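Structure file start02.txt (compact mmCIF, C-alpha atoms) follows.
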# COMPACT_ATOMS: atom_id res chain seq x y z
CA MET A 1 6.21 -0.79 13.70
CA SER A 2 5.48 -3.14 16.61
CA PHE A 3 6.32 -2.23 20.22
CA SER A 4 8.91 -5.01 20.54
CA ARG A 5 10.53 -4.06 17.24
CA ARG A 6 10.87 -0.44 18.37
CA LEU A 7 12.35 -1.63 21.64
CA VAL A 8 15.00 -3.79 20.00
CA LEU A 9 15.95 -1.08 17.52
CA ALA A 10 16.14 1.56 20.24
CA LEU A 11 18.50 -0.40 22.43
CA PRO A 12 22.17 -0.02 21.45
CA LEU A 13 24.00 -2.73 19.55
CA ALA A 14 27.29 -2.98 21.44
CA PHE A 15 28.33 -5.88 23.66
CA LEU A 16 29.90 -5.90 27.10
CA ALA A 17 30.64 -9.36 28.52
CA LEU A 18 29.21 -10.30 31.90
CA ARG A 19 30.46 -13.22 33.96
CA ARG A 20 27.93 -16.04 33.65
CA SER A 21 26.46 -16.87 37.04
CA ILE A 22 23.73 -19.05 38.42
CA VAL A 23 20.54 -17.08 38.65
CA VAL A 24 18.89 -17.36 42.04
CA ALA A 25 15.31 -16.46 42.87
CA ALA A 26 15.04 -13.10 44.56
CA GLU A 27 13.65 -13.28 48.07
CA PRO A 28 10.54 -11.18 48.68
CA GLY A 29 11.68 -7.65 49.45
CA ALA A 30 15.23 -8.22 48.20
CA ALA A 31 16.42 -4.67 47.67
CA PRO A 32 17.78 -4.77 44.08
CA ALA A 33 14.79 -6.73 42.75
CA ALA A 34 12.34 -4.54 44.65
CA VAL A 35 13.77 -1.42 43.01
CA VAL A 36 13.23 -2.88 39.54
CA GLU A 37 9.74 -4.11 40.45
CA ARG A 38 8.74 -0.61 41.57
CA PHE A 39 10.17 0.86 38.37
CA TYR A 40 8.25 -1.63 36.25
CA ALA A 41 5.00 -0.87 38.07
CA VAL A 42 5.28 2.83 37.19
CA LEU A 43 6.47 2.09 33.64
CA LEU A 44 3.63 -0.33 32.94
CA ALA A 45 1.05 2.12 34.28
CA ALA A 46 2.44 4.82 31.98
CA MET A 47 2.44 2.43 29.01
CA LYS A 48 -1.24 1.61 29.53
CA LYS A 49 -2.14 5.31 29.33
CA ALA A 50 0.53 6.29 26.81
CA LYS A 51 -1.75 6.71 23.80
CA ARG A 52 -3.82 9.27 25.68
CA LEU A 53 -0.83 11.19 26.98
CA PRO A 54 1.38 13.66 25.09
CA PHE A 55 5.12 13.21 25.24
CA ASP A 56 5.65 15.82 27.97
CA GLU A 57 3.13 14.17 30.27
CA ARG A 58 4.70 10.74 29.76
CA TYR A 59 8.05 12.36 30.50
CA ASN A 60 6.77 13.94 33.71
CA ARG A 61 5.22 10.69 34.90
CA LEU A 62 8.43 8.72 34.34
CA ALA A 63 10.98 11.32 35.48
CA PRO A 64 10.66 10.75 39.27
CA THR A 65 10.93 6.96 39.14
CA ILE A 66 13.80 7.04 36.63
CA GLY A 67 15.64 9.49 38.88
CA GLN A 68 15.10 7.17 41.86
CA THR A 69 15.94 3.96 39.98
CA PHE A 70 19.00 4.93 37.93
CA ASP A 71 22.30 6.39 39.11
CA LEU A 72 22.28 8.94 36.32
CA GLY A 73 25.32 10.79 37.64
CA LEU A 74 27.48 7.68 37.60
CA MET A 75 26.07 6.64 34.23
CA THR A 76 27.03 10.01 32.78
CA ARG A 77 30.59 9.70 34.06
CA VAL A 78 30.95 6.18 32.68
CA ALA A 79 29.48 7.16 29.32
CA VAL A 80 31.89 10.10 29.00
CA GLY A 81 34.87 7.98 30.05
CA PRO A 82 38.33 8.94 31.33
CA GLY A 83 38.04 12.50 30.04
CA TRP A 84 35.42 13.29 32.67
CA ALA A 85 38.03 14.52 35.15
CA GLN A 86 39.26 17.13 32.66
CA ILE A 87 35.80 18.67 32.19
CA ALA A 88 35.04 21.80 34.20
CA PRO A 89 32.57 21.31 37.07
CA GLN A 90 29.89 23.51 35.47
CA GLN A 91 30.10 21.51 32.25
CA GLN A 92 29.96 18.27 34.24
CA GLN A 93 26.72 19.46 35.80
CA ARG A 94 25.32 20.43 32.43
CA LEU A 95 26.23 17.06 30.91
CA THR A 96 24.73 15.15 33.84
CA ALA A 97 21.47 17.12 33.58
CA ALA A 98 21.33 16.65 29.80
CA PHE A 99 22.08 12.93 30.07
CA ALA A 100 19.31 12.56 32.65
CA ARG A 101 16.80 14.37 30.43
CA TYR A 102 17.88 12.28 27.47
CA THR A 103 17.46 9.01 29.40
CA ILE A 104 13.96 9.99 30.53
CA SER A 105 13.09 11.12 27.00
CA VAL A 106 14.19 7.76 25.58
CA TYR A 107 11.84 5.91 27.93
CA ALA A 108 8.98 8.35 27.26
CA SER A 109 9.45 7.78 23.53
CA ARG A 110 10.24 4.07 23.58
CA PHE A 111 7.40 2.92 25.82
CA ASP A 112 4.61 4.82 24.11
CA ASP A 113 2.03 2.06 23.70
CA TRP A 114 0.61 -1.03 25.39
CA SER A 115 -0.92 -4.12 23.80
CA GLY A 116 -0.85 -6.61 26.67
CA GLU A 117 2.87 -6.62 27.47
CA ARG A 118 4.00 -7.34 31.00
CA PHE A 119 7.24 -7.61 32.94
CA GLU A 120 8.58 -10.35 35.19
CA VAL A 121 11.52 -10.22 37.60
CA LEU A 122 13.34 -13.56 37.56
CA GLY A 123 16.06 -13.24 40.16
CA LEU A 124 19.57 -12.04 40.92
CA ALA A 125 22.98 -12.94 39.54
CA ALA A 126 26.47 -11.96 40.65
CA SER A 127 28.66 -9.80 38.41
CA PRO A 128 32.18 -8.42 38.84
CA ASN A 129 30.61 -4.97 38.53
CA GLY A 130 27.68 -5.34 40.92
CA THR A 131 24.44 -7.31 41.10
CA VAL A 132 22.35 -8.16 38.05
CA VAL A 133 18.57 -8.26 38.26
CA ASN A 134 17.35 -10.54 35.48
CA THR A 135 13.95 -9.73 34.00
CA ASN A 136 11.80 -10.37 30.95
CA LEU A 137 9.50 -8.22 28.89
CA ILE A 138 6.72 -10.62 27.90
CA LYS A 139 4.81 -9.72 24.75
CA SER A 140 1.12 -10.41 24.39
CA ASN A 141 1.92 -13.51 22.28
CA GLY A 142 4.13 -14.93 25.05
CA GLU A 143 7.47 -14.10 23.42
CA LYS A 144 10.07 -13.01 25.98
CA ILE A 145 12.76 -10.35 25.65
CA ALA A 146 15.44 -10.42 28.34
CA LEU A 147 16.18 -7.09 30.01
CA ASN A 148 18.81 -7.27 32.74
CA TYR A 149 19.77 -4.47 35.11
CA LEU A 150 23.26 -4.05 36.54
CA MET A 151 22.94 -2.46 39.98
CA ARG A 152 25.18 -1.09 42.71
CA GLN A 153 24.61 0.63 46.01
CA ASP A 154 25.27 4.36 45.97
CA SER A 155 26.92 6.39 48.74
CA THR A 156 23.69 6.32 50.77
CA GLY A 157 23.33 2.54 50.47
CA ALA A 158 20.43 2.74 47.99
CA TRP A 159 20.44 0.25 45.14
CA LYS A 160 20.59 1.98 41.75
CA VAL A 161 20.69 0.78 38.15
CA ILE A 162 23.98 1.63 36.44
CA ASP A 163 23.45 -0.18 33.12
CA VAL A 164 20.79 -2.07 31.16
CA TYR A 165 21.45 -5.17 29.03
CA LEU A 166 19.37 -6.76 26.30
CA SER A 167 19.67 -10.57 26.22
CA GLY A 168 22.28 -10.34 28.97
CA ALA A 169 24.95 -8.74 26.82
CA VAL A 170 23.82 -5.61 24.95
CA SER A 171 25.05 -2.74 27.10
CA GLU A 172 23.42 0.67 26.81
CA LEU A 173 26.37 2.41 28.46
CA ALA A 174 28.96 0.68 26.28
CA THR A 175 27.24 2.01 23.20
CA ARG A 176 26.70 5.47 24.66
CA ARG A 177 30.42 5.65 25.34
CA SER A 178 31.31 4.56 21.81
CA GLU A 179 28.89 7.17 20.44
CA PHE A 180 30.18 9.97 22.66
CA VAL A 181 33.92 9.49 22.19
CA GLY A 182 34.04 11.01 18.70
CA VAL A 183 31.78 13.90 19.70
CA LEU A 184 34.00 14.71 22.67
CA GLN A 185 37.11 14.60 20.52
CA LYS A 186 35.65 17.03 18.00
CA GLY A 187 33.47 19.32 20.08
CA GLY A 188 34.42 18.69 23.69
CA ALA A 189 31.89 18.77 26.50
CA GLU A 190 29.91 21.56 24.84
CA GLY A 191 29.56 19.52 21.67
CA LEU A 192 28.27 16.54 23.63
CA ALA A 193 25.79 18.67 25.57
CA GLN A 194 24.46 20.07 22.29
CA LEU A 195 24.14 16.57 20.83
CA LEU A 196 22.12 15.39 23.81
CA GLU A 197 19.84 18.43 23.59
CA GLN A 198 19.32 17.76 19.86
CA ARG A 199 18.41 14.14 20.56
CA ILE A 200 15.97 15.17 23.28
CA ALA A 201 14.29 17.59 20.87
CA ALA A 202 14.10 14.91 18.18
CA LEU A 203 12.50 12.40 20.56
CA ARG A 204 9.93 14.97 21.65
CA ALA A 205 9.16 15.98 18.05
CA GLY A 206 8.84 12.38 16.94
CA SER A 207 6.43 11.36 19.71
CA THR A 208 2.77 12.07 20.13

Rewrite the structure from the file as structure tokens, please.
Amino acid sequence: MSFSRRLVLALPLAFLALRRSIVVAAEPGAAPAAVVERFYAVLLAAMKKAKRLPFDERYNRLAPTIGQTFDLGLMTRVAVGPGWAQIAPQQQQRLTAAFARYTISVYASRFDDWSGERFEVLGLAASPNGTVVNTNLIKSNGEKIALNYLMRQDSTGAWKVIDVYLSGAVSELATRRSEFVGVLQKGGAEGLAQLLEQRIAALRAGST
């Protein structure tokens, strides 16, 4: 299966509308765009070596930059939904750690090859929920796949990704939340933590 095909299949198929805005070119050093550019530099370097690296090494190479780029704590809370406040603090910590490991594992599994792909950062767009950094994954044949990053500043003022959209509308977090709701209803926080651990193990087992 081709790299782009795996990418499309791996991204969730749920839609979350974003306000359409005029895209403006990002000024050099613009903080949100710079964060994504740094992430792409590390990701592309890992992709180019992916075939020579086992899963765990790809994971370890990507873990620091994913932790710096994504607000994984906020993403966990959003994916769990309103029931987060009713979860005990220790279970919240466990879920956040498991969600972080799962996110890194998805990238380590998804971006496991390179055949001339590259990334381009197009510019910024306003959103009711933050700032969107619009980018493309460009395949070796020139075909472009839009990957847009919704970003906010965290409590320290650092810009962090809080969601990823395919073609401007396919929300990873919206689908995570729809997947998790039934698990939480049946098995609670413990059931969700076990599901995430199972998915992490499956990604590791299915990758070279």

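Of the residues listed (A:Lys186, A:Asp71, A:Asp56, A:Thr96), A:Asp56 shows the shortest atom-to-atom separation from Ala205 in chain A; distances use all atoms listed in the file.
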
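You will find CA of Asn148 in chain A at 5.8 Å from CA of Val164 in chain A.
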
If we count all atoms listed in the file, what is near range 192-202 of chain A at a cut-off of 10 Å, once residues fewer than 4 positions away on the same chain are taken out, given as a ChimeraX atom specification?
/A:80,91-92,94-106,109,179-188,206-207

Determine the nearest neighbour of Glu190 in chain A from the options A:Leu150, A:Ala126, A:Ile87, A:Leu166, counting only C-alpha atoms.
A:Ile87

Polymer residues at most 12 Å from (3.1, 13.6, 30.1) by all atoms listed in the file, as a ChimeraX atom specification:
/A:46-47,49-63,104-105,107-109,112,204,207-208

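Counting only C-alpha atoms, the residue from A:Met151, A:Ala41, A:Asn134, A:Gly191 that sits nearest to Ser167 in chain A is A:Asn134.
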
Correct to one decimal, the distance CA of Ala79 in chain A-CA of Tyr149 in chain A is 16.2 Å

Could you tell me how far CA of Val133 in chain A sits from CA of Ser115 in chain A, in Å to one decimal place?
24.6 Å

Counting all atoms listed in the file, figure out which residue out of A:Gly130, A:Gly123, A:Pro89, A:Gly67 gets nearest to Glu37 in chain A.
A:Gly123

Contacts of Val36 in chain A at 12 Å or less, counting all atoms listed in the file, minus same-chain residues fewer than 5 places along, as a count of residues only?
33

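Considering all atoms listed in the file, the residue among A:Leu137, A:Ala34, A:Ile162, A:Ala125 positioned nearest to Val78 in chain A is A:Ile162.
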
Quick one: axis-aligned box around all listed atoms of range 89-97 of chain A, 8 Å on every side, centre and edge lengths in Å to one decimal, written as AutoDock Vina command-line options.
--center_x 27.0 --center_y 19.3 --center_z 34.0 --size_x 27.1 --size_y 24.4 --size_z 22.2

Could you pull range 77-204 of chain A out of the structure I just pasted and write it to a file containing C-alpha atoms, as a PDB file, in the first residue's frame?
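After the write, part_15.pdb holds the following:
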ATOM      1  CA  ARG A  77      -9.267  16.232  27.746  1.00  0.00           C
ATOM      2  CA  VAL A  78     -11.064  17.213  24.540  1.00  0.00           C
ATOM      3  CA  ALA A  79     -11.061  13.646  23.236  1.00  0.00           C
ATOM      4  CA  VAL A  80     -12.549  12.345  26.500  1.00  0.00           C
ATOM      5  CA  GLY A  81     -15.163  15.107  26.596  1.00  0.00           C
ATOM      6  CA  PRO A  82     -17.332  16.445  29.440  1.00  0.00           C
ATOM      7  CA  GLY A  83     -16.793  13.351  31.568  1.00  0.00           C
ATOM      8  CA  TRP A  84     -13.162  14.320  32.143  1.00  0.00           C
ATOM      9  CA  ALA A  85     -13.992  16.239  35.322  1.00  0.00           C
ATOM     10  CA  GLN A  86     -15.532  13.117  36.875  1.00  0.00           C
ATOM     11  CA  ILE A  87     -12.388  11.014  36.350  1.00  0.00           C
ATOM     12  CA  ALA A  88     -10.065  10.643  39.340  1.00  0.00           C
ATOM     13  CA  PRO A  89      -6.771  12.561  39.060  1.00  0.00           C
ATOM     14  CA  GLN A  90      -4.646   9.392  38.927  1.00  0.00           C
ATOM     15  CA  GLN A  91      -6.766   8.036  36.084  1.00  0.00           C
ATOM     16  CA  GLN A  92      -6.544  11.389  34.308  1.00  0.00           C
ATOM     17  CA  GLN A  93      -2.764  11.140  34.459  1.00  0.00           C
ATOM     18  CA  ARG A  94      -2.843   7.585  33.172  1.00  0.00           C
ATOM     19  CA  LEU A  95      -5.129   8.515  30.280  1.00  0.00           C
ATOM     20  CA  THR A  96      -2.987  11.521  29.344  1.00  0.00           C
ATOM     21  CA  ALA A  97       0.176   9.393  29.337  1.00  0.00           C
ATOM     22  CA  ALA A  98      -1.512   6.648  27.300  1.00  0.00           C
ATOM     23  CA  PHE A  99      -2.949   9.141  24.817  1.00  0.00           C
ATOM     24  CA  ALA A 100       0.498  10.688  24.386  1.00  0.00           C
ATOM     25  CA  ARG A 101       2.111   7.293  23.756  1.00  0.00           C
ATOM     26  CA  TYR A 102      -0.665   6.408  21.331  1.00  0.00           C
ATOM     27  CA  THR A 103      -0.239   9.660  19.386  1.00  0.00           C
ATOM     28  CA  ILE A 104       3.519   9.123  19.071  1.00  0.00           C
ATOM     29  CA  SER A 105       2.958   5.489  18.089  1.00  0.00           C
ATOM     30  CA  VAL A 106       0.553   6.540  15.324  1.00  0.00           C
ATOM     31  CA  TYR A 107       3.176   8.844  13.810  1.00  0.00           C
ATOM     32  CA  ALA A 108       5.930   6.229  14.182  1.00  0.00           C
ATOM     33  CA  SER A 109       3.721   3.723  12.361  1.00  0.00           C
ATOM     34  CA  ARG A 110       2.150   6.052   9.803  1.00  0.00           C
ATOM     35  CA  PHE A 111       5.313   7.759   8.583  1.00  0.00           C
ATOM     36  CA  ASP A 112       7.418   4.641   8.118  1.00  0.00           C
ATOM     37  CA  ASP A 113       8.768   5.228   4.614  1.00  0.00           C
ATOM     38  CA  TRP A 114       9.995   7.939   2.261  1.00  0.00           C
ATOM     39  CA  SER A 115       9.843   8.045  -1.533  1.00  0.00           C
ATOM     40  CA  GLY A 116      10.450  11.723  -2.257  1.00  0.00           C
ATOM     41  CA  GLU A 117       7.609  13.286  -0.267  1.00  0.00           C
ATOM     42  CA  ARG A 118       8.045  16.758   1.154  1.00  0.00           C
ATOM     43  CA  PHE A 119       6.060  19.245   3.210  1.00  0.00           C
ATOM     44  CA  GLU A 120       5.247  22.901   2.590  1.00  0.00           C
ATOM     45  CA  VAL A 121       3.835  25.457   5.021  1.00  0.00           C
ATOM     46  CA  LEU A 122       1.437  27.770   3.176  1.00  0.00           C
ATOM     47  CA  GLY A 123       0.340  30.313   5.747  1.00  0.00           C
ATOM     48  CA  LEU A 124      -2.046  31.115   8.570  1.00  0.00           C
ATOM     49  CA  ALA A 125      -5.816  31.388   8.801  1.00  0.00           C
ATOM     50  CA  ALA A 126      -8.079  32.580  11.588  1.00  0.00           C
ATOM     51  CA  SER A 127     -10.431  30.150  13.332  1.00  0.00           C
ATOM     52  CA  PRO A 128     -12.934  30.592  16.172  1.00  0.00           C
ATOM     53  CA  ASN A 129     -10.878  28.012  18.061  1.00  0.00           C
ATOM     54  CA  GLY A 130      -7.380  29.369  17.473  1.00  0.00           C
ATOM     55  CA  THR A 131      -4.994  29.814  14.554  1.00  0.00           C
ATOM     56  CA  VAL A 132      -4.771  27.369  11.662  1.00  0.00           C
ATOM     57  CA  VAL A 133      -1.452  26.639   9.982  1.00  0.00           C
ATOM     58  CA  ASN A 134      -2.206  25.426   6.466  1.00  0.00           C
ATOM     59  CA  THR A 135       0.257  22.959   4.971  1.00  0.00           C
ATOM     60  CA  ASN A 136       0.580  20.375   2.220  1.00  0.00           C
ATOM     61  CA  LEU A 137       2.158  16.975   2.018  1.00  0.00           C
ATOM     62  CA  ILE A 138       3.512  16.845  -1.525  1.00  0.00           C
ATOM     63  CA  LYS A 139       3.964  13.379  -2.996  1.00  0.00           C
ATOM     64  CA  SER A 140       6.813  12.563  -5.342  1.00  0.00           C
ATOM     65  CA  ASN A 141       4.413  12.849  -8.323  1.00  0.00           C
ATOM     66  CA  GLY A 142       3.404  16.381  -7.289  1.00  0.00           C
ATOM     67  CA  GLU A 143       0.011  15.464  -5.832  1.00  0.00           C
ATOM     68  CA  LYS A 144      -0.811  17.516  -2.737  1.00  0.00           C
ATOM     69  CA  ILE A 145      -2.615  16.430   0.421  1.00  0.00           C
ATOM     70  CA  ALA A 146      -3.737  19.262   2.701  1.00  0.00           C
ATOM     71  CA  LEU A 147      -2.805  18.887   6.364  1.00  0.00           C
ATOM     72  CA  ASN A 148      -3.890  21.795   8.545  1.00  0.00           C
ATOM     73  CA  TYR A 149      -2.971  22.324  12.182  1.00  0.00           C
ATOM     74  CA  LEU A 150      -5.222  24.086  14.673  1.00  0.00           C
ATOM     75  CA  MET A 151      -3.018  25.829  17.239  1.00  0.00           C
ATOM     76  CA  ARG A 152      -3.380  27.762  20.476  1.00  0.00           C
ATOM     77  CA  GLN A 153      -0.992  29.251  22.975  1.00  0.00           C
ATOM     78  CA  ASP A 154      -0.667  27.283  26.191  1.00  0.00           C
ATOM     79  CA  SER A 155      -0.349  28.741  29.701  1.00  0.00           C
ATOM     80  CA  THR A 156       3.322  29.573  29.065  1.00  0.00           C
ATOM     81  CA  GLY A 157       2.574  31.368  25.792  1.00  0.00           C
ATOM     82  CA  ALA A 158       4.001  28.577  23.615  1.00  0.00           C
ATOM     83  CA  TRP A 159       2.108  27.734  20.448  1.00  0.00           C
ATOM     84  CA  LYS A 160       0.881  24.126  20.448  1.00  0.00           C
ATOM     85  CA  VAL A 161      -1.109  21.996  18.021  1.00  0.00           C
ATOM     86  CA  ILE A 162      -4.493  20.990  19.433  1.00  0.00           C
ATOM     87  CA  ASP A 163      -5.969  19.267  16.366  1.00  0.00           C
ATOM     88  CA  VAL A 164      -5.027  18.120  12.858  1.00  0.00           C
ATOM     89  CA  TYR A 165      -7.314  18.352   9.805  1.00  0.00           C
ATOM     90  CA  LEU A 166      -7.129  16.572   6.470  1.00  0.00           C
ATOM     91  CA  SER A 167      -8.360  18.735   3.569  1.00  0.00           C
ATOM     92  CA  GLY A 168      -9.311  21.423   6.073  1.00  0.00           C
ATOM     93  CA  ALA A 169     -12.185  19.492   7.615  1.00  0.00           C
ATOM     94  CA  VAL A 170     -11.283  15.974   8.792  1.00  0.00           C
ATOM     95  CA  SER A 171     -10.672  16.365  12.517  1.00  0.00           C
ATOM     96  CA  GLU A 172      -8.563  13.803  14.358  1.00  0.00           C
ATOM     97  CA  LEU A 173      -9.938  14.865  17.741  1.00  0.00           C
ATOM     98  CA  ALA A 174     -13.569  14.770  16.606  1.00  0.00           C
ATOM     99  CA  THR A 175     -13.142  11.163  15.589  1.00  0.00           C
ATOM    100  CA  ARG A 176     -11.171  10.239  18.696  1.00  0.00           C
ATOM    101  CA  ARG A 177     -14.025  11.600  20.785  1.00  0.00           C
ATOM    102  CA  SER A 178     -16.633   9.652  18.823  1.00  0.00           C
ATOM    103  CA  GLU A 179     -14.528   6.494  19.232  1.00  0.00           C
ATOM    104  CA  PHE A 180     -13.958   6.995  22.952  1.00  0.00           C
ATOM    105  CA  VAL A 181     -17.499   7.824  24.041  1.00  0.00           C
ATOM    106  CA  GLY A 182     -18.792   4.257  23.816  1.00  0.00           C
ATOM    107  CA  VAL A 183     -15.698   2.849  25.520  1.00  0.00           C
ATOM    108  CA  LEU A 184     -16.073   5.295  28.398  1.00  0.00           C
ATOM    109  CA  GLN A 185     -19.744   4.440  28.791  1.00  0.00           C
ATOM    110  CA  LYS A 186     -19.022   0.714  28.991  1.00  0.00           C
ATOM    111  CA  GLY A 187     -15.653   0.520  30.709  1.00  0.00           C
ATOM    112  CA  GLY A 188     -15.000   3.958  32.164  1.00  0.00           C
ATOM    113  CA  ALA A 189     -11.548   5.492  32.279  1.00  0.00           C
ATOM    114  CA  GLU A 190      -9.909   2.117  32.905  1.00  0.00           C
ATOM    115  CA  GLY A 191     -11.526   0.682  29.795  1.00  0.00           C
ATOM    116  CA  LEU A 192     -10.277   3.579  27.699  1.00  0.00           C
ATOM    117  CA  ALA A 193      -6.748   3.289  29.090  1.00  0.00           C
ATOM    118  CA  GLN A 194      -6.730  -0.414  28.228  1.00  0.00           C
ATOM    119  CA  LEU A 195      -7.973   0.328  24.699  1.00  0.00           C
ATOM    120  CA  LEU A 196      -5.179   2.834  24.132  1.00  0.00           C
ATOM    121  CA  GLU A 197      -2.577   0.374  25.417  1.00  0.00           C
ATOM    122  CA  GLN A 198      -3.965  -2.314  23.087  1.00  0.00           C
ATOM    123  CA  ARG A 199      -3.755   0.044  20.118  1.00  0.00           C
ATOM    124  CA  ILE A 200      -0.188   1.006  20.995  1.00  0.00           C
ATOM    125  CA  ALA A 201       0.772  -2.683  21.136  1.00  0.00           C
ATOM    126  CA  ALA A 202      -0.929  -3.334  17.796  1.00  0.00           C
ATOM    127  CA  LEU A 203       0.898  -0.448  16.112  1.00  0.00           C
ATOM    128  CA  ARG A 204       4.228  -1.683  17.458  1.00  0.00           C
TER     129      ARG A 204
END
